Amino acid sequence: MGRNRPLIQVLTGNWISMAGTALVTLAGFSWLFLLPLHISGHANNPYMGLFAFVVVPMIFFCGLALIPAGAALDRRRMAHGIGSMTDPKALWRRAGVFFAVMTVANLVIGSQLSYRAVAQMESVQFCGQTCHVMKPEFTAHLRPPHAGVDCVACHVTPGATGFIKSKMAGTQQLLAVAFNTFPRPIESAMENNKLVSSAQTCEQCHQREKPMQPKLRVITKYKDDETNTATKTVLMTMADRIHGAHLAPGVEIRYAASDKKRQTIPWVEYRNSTSGVIKAYLASDAKPEAMAALPKFTMQCVDCHNRAAHSFEVPDRAIDAAISRGAIPADLQFIKKTGLGLIQAEYKTQEEAASKIVTGLNDFYRTKYPDVFAKRSNDIDTAGRALAAAYSNNVFPDYKVTWGTYSNNLGHADYPGCFRCHDESHAAADKKTITQDCTVCHNAIAVDEASPEILKTLGIN
């Protein structure tokens, strides 16, 4: 064959060249998968960089060195008349076996790395941080009680079909991010009609058949007076009644919504297959002929628990919560009123808010309470940082997310919630309305009391 030997003989003419080709192929294929993972910032193992940029390249270049070394040895053997494989059929047969073995090896590597890649793409970090436009939802997801639940557990229908649909939707979202056409604020799954049924998500852990018991709720609030007077409201919430009325066996509730966020519900239909009761309720300002054109939905868990895993706070409650857990000293004069003014002001960025909120609080005490400022500067700084954190956890100017952008339908204190239907204006043909009687859902044991007697009796501070 002379000097111009075919490439196939150079690569597989002897075992040294074959070993080099094998190392080059394995290292190259492995690096092909490891590099994107490392660049994306999701290589959690501290030795991943060492392996990707030191070990794999060393194997690769070692393999490159072995290929010419094997070829030179093969040439020397031929020069000394020592037999070397020159039969084309035998050469191709050896090459076929070699590349078949290497293909299997690379498939094993590729399948494992592909599996890891898929697992990474389904992680909370990938959904919330790699996809930077989901920063508001990711931040809200860090709050309990569902902080430990993966995004895909609620947003992807179980099974192959759900997986494929989610990847197709993900591709569309990727294009929207790439071309900067994604909506601001990001629409909820309920708004864009990509909501996965509660039966396939929530009810995998929360069985509706499981009996529920009444729950005692203690709500602490702070007034906006100088001493930030604390008050407590004690409620016995009848969870069993609430869920029984809406999700008991045989009960089906359908409703029509006239807006994408489903905050305006002009029509409700109640069906009970056990009792045979069927009733349709129409809002007093709704026209019956217009109902046919509105989208209809069957009530499920997320119609009320719509922010179960992505709850945003309202300003008043955000400060109350910070004071209750000690992040903001409760004895700082007018901290509630001043804090509310600072976190509800308009800022262009979170960075600007963080700076101006802390500075604004210091300026307030320096001007209005110089003695307090002189003695408690550390407490004031701590309170300022807590206020800034409350803002940054709930307001995202870049994504047009501000206080109240995402309505929470659980309850009715901050948003319409229950009162979307329970407003005494939805009436059936017999003139009976959907009740708004407070005692149906909860009993108020104490309302805005400084020191409720019931808490003393129960030994709760």
# chains A, B, ... in the order shown; residues from 1 in each chain; ligands from 1

call {"tool": "select_by_dssp", "arguments": {"residues": "stretch 179-276 of chain A", "states": "strand (DSSP E or B)", "output": "MDAnalysis selection string"}}
result
chainID A and resid 215:222 230:237 251:256 267:272

call {"tool": "residues_around", "arguments": {"residues": "stretch 290-307 of chain A", "least_positions_apart": "4", "cutoff": "7 Å", "atoms": "only C-alpha atoms", "output": "PyMOL selection string"}}
result
chain A and resi 198+253-258+311+408-410

call {"tool": "select_by_dssp", "arguments": {"residues": "stretch 145-365 of chain A", "states": "helix (DSSP H, G or I)", "output": "PyMOL selection string"}}
result
chain A and resi 151-155+160-178+198-200+202-204+239-247+288-293+301-303+315-324+335-343+350-365

call {"tool": "atom_distance", "arguments": {"atom1": "atom CA of A:Ala327", "atom2": "atom CA of A:Lys223"}}
result
17.0 Å

call {"tool": "residues_around", "arguments": {"residues": "A:Thr435", "least_positions_apart": "5", "cutoff": "9 Å", "atoms": "only C-alpha atoms", "output": "list in words"}}
result
Cys421, His422, Asp423, Glu424, Ser425, His426 and Val440 of chain A

call {"tool": "residues_around", "arguments": {"residues": "stretch 340-353 of chain A", "least_positions_apart": "3", "cutoff": "6 Å", "atoms": "only C-alpha atoms", "output": "number ranges by chain"}}
result
A: 337, 356-357, 391-392, 397

call {"tool": "write_last_selection", "arguments": {"atoms": "C-alpha atoms", "output": "CSV table (one decimal), in the first residue's frame"}}
result
chain,number,residue,atom,x,y,z
A,337,LYS,CA,-46.5,53.1,59.0
A,356,LYS,CA,-33.5,53.8,49.1
A,357,ILE,CA,-35.6,51.8,51.5
A,391,TYR,CA,-39.9,44.3,48.7
A,392,SER,CA,-37.4,42.2,46.7
A,397,PRO,CA,-39.9,45.9,38.3

call {"tool": "closest_residue", "arguments": {"among": "A:Ala374, A:Ile460, A:Val447, A:Met134", "to": "A:Thr231", "atoms": "only C-alpha atoms"}}
result
A:Val447

call {"tool": "closest_residue", "arguments": {"among": "A:Thr25, A:Ser324, A:Asn180, A:Thr264", "to": "A:Asn461", "atoms": "only C-alpha atoms"}}
result
A:Ser324

call {"tool": "residues_around", "arguments": {"residues": "stretch 380-387 of chain A", "least_positions_apart": "4", "cutoff": "9 Å", "atoms": "only C-alpha atoms", "output": "JSON, numbers by chain"}}
result
{"A": [318, 319, 322, 323, 327, 328, 329, 332, 335, 339, 340, 342, 343, 354, 357, 358, 359, 360, 361, 362, 365, 373, 376, 391, 392]}

call {"tool": "write_last_selection", "arguments": {"atoms": "N, CA and C atoms", "output": "PDB file, in the first residue's frame"}}
result
ATOM      1  N   ALA A 318     -46.814  41.526  54.687  1.00  0.00           N
ATOM      2  CA  ALA A 318     -45.372  41.284  54.614  1.00  0.00           C
ATOM      3  C   ALA A 318     -44.653  41.900  55.812  1.00  0.00           C
ATOM      4  N   ILE A 319     -45.057  43.117  56.170  1.00  0.00           N
ATOM      5  CA  ILE A 319     -44.434  43.768  57.326  1.00  0.00           C
ATOM      6  C   ILE A 319     -44.875  43.105  58.628  1.00  0.00           C
ATOM      7  N   ALA A 322     -42.838  40.050  59.116  1.00  0.00           N
ATOM      8  CA  ALA A 322     -41.455  40.349  59.494  1.00  0.00           C
ATOM      9  C   ALA A 322     -41.356  40.775  60.959  1.00  0.00           C
ATOM     10  N   ILE A 323     -42.332  41.545  61.425  1.00  0.00           N
ATOM     11  CA  ILE A 323     -42.337  41.947  62.837  1.00  0.00           C
ATOM     12  C   ILE A 323     -42.578  40.726  63.731  1.00  0.00           C
ATOM     13  N   ALA A 327     -37.751  39.941  62.664  1.00  0.00           N
ATOM     14  CA  ALA A 327     -36.841  40.549  61.690  1.00  0.00           C
ATOM     15  C   ALA A 327     -36.902  42.068  61.757  1.00  0.00           C
ATOM     16  N   ILE A 328     -38.043  42.592  62.194  1.00  0.00           N
ATOM     17  CA  ILE A 328     -38.210  44.029  62.387  1.00  0.00           C
ATOM     18  C   ILE A 328     -38.594  44.260  63.847  1.00  0.00           C
ATOM     19  N   PRO A 329     -37.825  45.030  64.597  1.00  0.00           N
ATOM     20  CA  PRO A 329     -38.171  45.283  66.006  1.00  0.00           C
ATOM     21  C   PRO A 329     -39.539  45.956  66.125  1.00  0.00           C
ATOM     22  N   LEU A 332     -39.864  49.857  67.516  1.00  0.00           N
ATOM     23  CA  LEU A 332     -39.388  51.048  66.815  1.00  0.00           C
ATOM     24  C   LEU A 332     -40.594  51.920  66.447  1.00  0.00           C
ATOM     25  N   ILE A 335     -42.718  52.114  62.938  1.00  0.00           N
ATOM     26  CA  ILE A 335     -42.039  51.274  61.942  1.00  0.00           C
ATOM     27  C   ILE A 335     -43.028  50.685  60.943  1.00  0.00           C
ATOM     28  N   GLY A 339     -42.583  51.911  57.259  1.00  0.00           N
ATOM     29  CA  GLY A 339     -42.190  50.799  56.389  1.00  0.00           C
ATOM     30  C   GLY A 339     -43.139  50.617  55.224  1.00  0.00           C
ATOM     31  N   LEU A 340     -44.449  50.745  55.497  1.00  0.00           N
ATOM     32  CA  LEU A 340     -45.436  50.617  54.416  1.00  0.00           C
ATOM     33  C   LEU A 340     -45.213  51.667  53.335  1.00  0.00           C
ATOM     34  N   LEU A 342     -42.436  53.141  52.563  1.00  0.00           N
ATOM     35  CA  LEU A 342     -41.191  52.887  51.841  1.00  0.00           C
ATOM     36  C   LEU A 342     -41.317  51.736  50.845  1.00  0.00           C
ATOM     37  N   ILE A 343     -41.939  50.637  51.243  1.00  0.00           N
ATOM     38  CA  ILE A 343     -41.977  49.480  50.336  1.00  0.00           C
ATOM     39  C   ILE A 343     -43.044  49.618  49.251  1.00  0.00           C
ATOM     40  N   ALA A 354     -33.587  48.551  47.286  1.00  0.00           N
ATOM     41  CA  ALA A 354     -32.819  48.115  48.451  1.00  0.00           C
ATOM     42  C   ALA A 354     -32.052  49.275  49.066  1.00  0.00           C
ATOM     43  N   ILE A 357     -34.763  52.189  50.382  1.00  0.00           N
ATOM     44  CA  ILE A 357     -35.575  51.785  51.542  1.00  0.00           C
ATOM     45  C   ILE A 357     -34.751  51.890  52.821  1.00  0.00           C
ATOM     46  N   VAL A 358     -33.525  51.360  52.775  1.00  0.00           N
ATOM     47  CA  VAL A 358     -32.653  51.427  53.961  1.00  0.00           C
ATOM     48  C   VAL A 358     -32.307  52.879  54.282  1.00  0.00           C
ATOM     49  N   THR A 359     -31.956  53.629  53.240  1.00  0.00           N
ATOM     50  CA  THR A 359     -31.620  55.048  53.450  1.00  0.00           C
ATOM     51  C   THR A 359     -32.824  55.837  53.955  1.00  0.00           C
ATOM     52  N   GLY A 360     -33.986  55.564  53.374  1.00  0.00           N
ATOM     53  CA  GLY A 360     -35.196  56.277  53.771  1.00  0.00           C
ATOM     54  C   GLY A 360     -35.566  56.027  55.217  1.00  0.00           C
ATOM     55  N   LEU A 361     -35.403  54.795  55.678  1.00  0.00           N
ATOM     56  CA  LEU A 361     -35.732  54.487  57.071  1.00  0.00           C
ATOM     57  C   LEU A 361     -34.757  55.186  58.016  1.00  0.00           C
ATOM     58  N   ASN A 362     -33.478  55.180  57.674  1.00  0.00           N
ATOM     59  CA  ASN A 362     -32.495  55.882  58.503  1.00  0.00           C
ATOM     60  C   ASN A 362     -32.779  57.378  58.545  1.00  0.00           C
ATOM     61  N   TYR A 365     -35.714  58.205  61.042  1.00  0.00           N
ATOM     62  CA  TYR A 365     -35.387  58.226  62.474  1.00  0.00           C
ATOM     63  C   TYR A 365     -34.363  59.309  62.793  1.00  0.00           C
ATOM     64  N   PHE A 373     -32.384  57.166  66.892  1.00  0.00           N
ATOM     65  CA  PHE A 373     -31.402  56.910  65.832  1.00  0.00           C
ATOM     66  C   PHE A 373     -29.999  56.758  66.423  1.00  0.00           C
ATOM     67  N   ARG A 376     -30.119  53.313  68.543  1.00  0.00           N
ATOM     68  CA  ARG A 376     -30.544  52.030  67.963  1.00  0.00           C
ATOM     69  C   ARG A 376     -30.279  51.974  66.452  1.00  0.00           C
ATOM     70  N   TYR A 391     -39.667  43.783  49.994  1.00  0.00           N
ATOM     71  CA  TYR A 391     -39.890  44.338  48.653  1.00  0.00           C
ATOM     72  C   TYR A 391     -39.324  43.406  47.582  1.00  0.00           C
ATOM     73  N   SER A 392     -38.068  42.996  47.719  1.00  0.00           N
ATOM     74  CA  SER A 392     -37.407  42.199  46.672  1.00  0.00           C
ATOM     75  C   SER A 392     -38.009  40.812  46.519  1.00  0.00           C
TER      76      SER A 392
END

call {"tool": "atom_distance", "arguments": {"atom1": "atom CA of A:Ser451", "atom2": "atom CA of A:Met236"}}
result
17.0 Å

call {"tool": "residues_around", "arguments": {"residues": "A:Thr139", "least_positions_apart": "3", "cutoff": "12 Å", "atoms": "only C-alpha atoms", "output": "short mmCIF file (atom, residue, chain, number, x, y, z; two decimals) with N, CA, C and O atoms, in the first residue's frame"}}
result
data_model
loop_
_atom_site.label_atom_id
_atom_site.label_comp_id
_atom_site.auth_asym_id
_atom_site.auth_seq_id
_atom_site.Cartn_x
_atom_site.Cartn_y
_atom_site.Cartn_z
N VAL A 124 -36.00 22.38 39.91
CA VAL A 124 -36.50 23.72 40.27
C VAL A 124 -35.48 24.78 39.86
O VAL A 124 -35.84 25.87 39.39
N GLN A 125 -34.18 24.47 40.01
CA GLN A 125 -33.15 25.44 39.67
C GLN A 125 -33.18 25.78 38.17
O GLN A 125 -33.03 26.92 37.78
N CYS A 127 -35.81 25.45 36.05
CA CYS A 127 -37.04 26.18 35.72
C CYS A 127 -37.01 27.62 36.23
O CYS A 127 -37.46 28.54 35.55
N GLY A 128 -36.46 27.81 37.42
CA GLY A 128 -36.54 29.12 38.05
C GLY A 128 -35.35 30.02 37.87
O GLY A 128 -35.48 31.24 37.93
N GLN A 129 -34.15 29.44 37.63
CA GLN A 129 -32.95 30.26 37.56
C GLN A 129 -32.32 30.27 36.17
O GLN A 129 -31.92 31.33 35.68
N HIS A 132 -34.40 32.72 33.38
CA HIS A 132 -34.36 33.88 34.28
C HIS A 132 -35.69 34.63 34.33
O HIS A 132 -35.96 35.33 35.31
N VAL A 133 -36.52 34.51 33.30
CA VAL A 133 -37.79 35.25 33.31
C VAL A 133 -38.73 34.72 34.38
O VAL A 133 -39.73 35.37 34.70
N MET A 134 -38.43 33.56 34.95
CA MET A 134 -39.27 33.00 35.99
C MET A 134 -38.80 33.39 37.40
O MET A 134 -39.22 32.81 38.38
N LYS A 135 -37.95 34.39 37.48
CA LYS A 135 -37.41 34.81 38.77
C LYS A 135 -38.50 35.12 39.80
O LYS A 135 -38.40 34.68 40.96
N PRO A 136 -39.55 35.87 39.44
CA PRO A 136 -40.59 36.13 40.45
C PRO A 136 -41.24 34.85 40.98
O PRO A 136 -41.41 34.70 42.20
N LEU A 142 -39.96 29.63 46.90
CA LEU A 142 -39.08 29.32 48.04
C LEU A 142 -39.82 29.38 49.37
O LEU A 142 -39.30 28.91 50.38
N ARG A 143 -41.03 29.96 49.36
CA ARG A 143 -41.80 30.01 50.60
C ARG A 143 -42.51 28.68 50.83
O ARG A 143 -42.94 28.02 49.89
N PRO A 144 -42.64 28.26 52.08
CA PRO A 144 -43.41 27.04 52.35
C PRO A 144 -44.88 27.27 52.02
O PRO A 144 -45.30 28.42 51.85
N ALA A 147 -42.15 24.47 49.00
CA ALA A 147 -40.81 24.82 48.52
C ALA A 147 -40.02 23.59 48.09
O ALA A 147 -39.14 23.68 47.23
N ALA A 309 -48.16 27.19 45.62
CA ALA A 309 -46.70 27.01 45.55
C ALA A 309 -45.98 28.28 45.12
O ALA A 309 -44.76 28.29 44.99
N HIS A 310 -46.72 29.35 44.86
CA HIS A 310 -46.10 30.62 44.42
C HIS A 310 -46.84 31.77 45.06
O HIS A 310 -47.45 32.59 44.39
N SER A 311 -46.79 31.85 46.38
CA SER A 311 -47.57 32.86 47.08
C SER A 311 -46.79 34.17 47.21
O SER A 311 -45.64 34.19 47.65
N PHE A 312 -47.42 35.25 46.79
CA PHE A 312 -46.88 36.59 46.96
C PHE A 312 -47.63 37.27 48.10
O PHE A 312 -48.82 37.03 48.31
N GLU A 313 -46.93 38.12 48.82
CA GLU A 313 -47.54 38.81 49.95
C GLU A 313 -48.10 40.17 49.53
O GLU A 313 -47.73 40.70 48.48
N ALA A 389 -35.94 43.37 51.91
CA ALA A 389 -36.14 41.95 51.54
C ALA A 389 -37.61 41.69 51.23
O ALA A 389 -37.93 40.95 50.28
N ALA A 390 -38.50 42.29 52.01
CA ALA A 390 -39.94 42.14 51.74
C ALA A 390 -40.27 42.66 50.35
O ALA A 390 -41.06 42.06 49.62
N TYR A 391 -39.67 43.78 49.99
CA TYR A 391 -39.89 44.34 48.65
C TYR A 391 -39.32 43.41 47.58
O TYR A 391 -40.01 43.05 46.62
N SER A 392 -38.07 43.00 47.72
CA SER A 392 -37.41 42.20 46.67
C SER A 392 -38.01 40.81 46.52
O SER A 392 -37.87 40.19 45.47
N ASN A 393 -38.69 40.32 47.54
CA ASN A 393 -39.35 39.02 47.45
C ASN A 393 -40.72 39.08 46.79
O ASN A 393 -41.29 38.04 46.47
N ASN A 394 -41.21 40.29 46.58
CA ASN A 394 -42.57 40.42 46.05
C ASN A 394 -42.71 41.35 44.86
O ASN A 394 -43.70 41.26 44.12
N VAL A 395 -41.75 42.23 44.66
CA VAL A 395 -41.84 43.21 43.58
C VAL A 395 -40.63 43.06 42.65
O VAL A 395 -39.49 43.04 43.11
N PHE A 396 -40.92 42.94 41.34
CA PHE A 396 -39.88 42.73 40.33
C PHE A 396 -40.14 43.71 39.18
O PHE A 396 -40.83 43.37 38.21
#

call {"tool": "residues_around", "arguments": {"residues": "A:Gly276", "least_positions_apart": "5", "cutoff": "10 Å", "atoms": "only C-alpha atoms", "output": "PyMOL selection string"}}
result
chain A and resi 250-251+271

call {"tool": "write_last_selection", "arguments": {"atoms": "N, CA, C and O atoms", "output": "mmCIF file, in the first residue's frame"}}
result
data_model
loop_
_atom_site.group_PDB
_atom_site.id
_atom_site.type_symbol
_atom_site.label_atom_id
_atom_site.label_comp_id
_atom_site.auth_asym_id
_atom_site.auth_seq_id
_atom_site.Cartn_x
_atom_site.Cartn_y
_atom_site.Cartn_z
ATOM 1 N N GLY A 250 -69.687 13.144 44.631
ATOM 2 C CA GLY A 250 -70.951 13.437 43.955
ATOM 3 C C GLY A 250 -71.176 14.898 43.652
ATOM 4 O O GLY A 250 -72.095 15.254 42.908
ATOM 5 N N VAL A 251 -70.347 15.772 44.231
ATOM 6 C CA VAL A 251 -70.517 17.210 44.022
ATOM 7 C C VAL A 251 -69.659 17.669 42.842
ATOM 8 O O VAL A 251 -68.467 17.362 42.773
ATOM 9 N N ARG A 271 -74.034 20.838 41.017
ATOM 10 C CA ARG A 271 -74.669 19.536 40.793
ATOM 11 C C ARG A 271 -74.262 18.577 41.905
ATOM 12 O O ARG A 271 -73.081 18.495 42.264
#

call {"tool": "closest_residue", "arguments": {"among": "A:Cys441, A:Leu455, A:Leu195, A:Leu216", "to": "A:Ala245", "atoms": "only C-alpha atoms"}}
result
A:Cys441

call {"tool": "atom_distance", "arguments": {"atom1": "atom CA of A:Phe182", "atom2": "atom CA of A:Val401"}}
result
13.7 Å
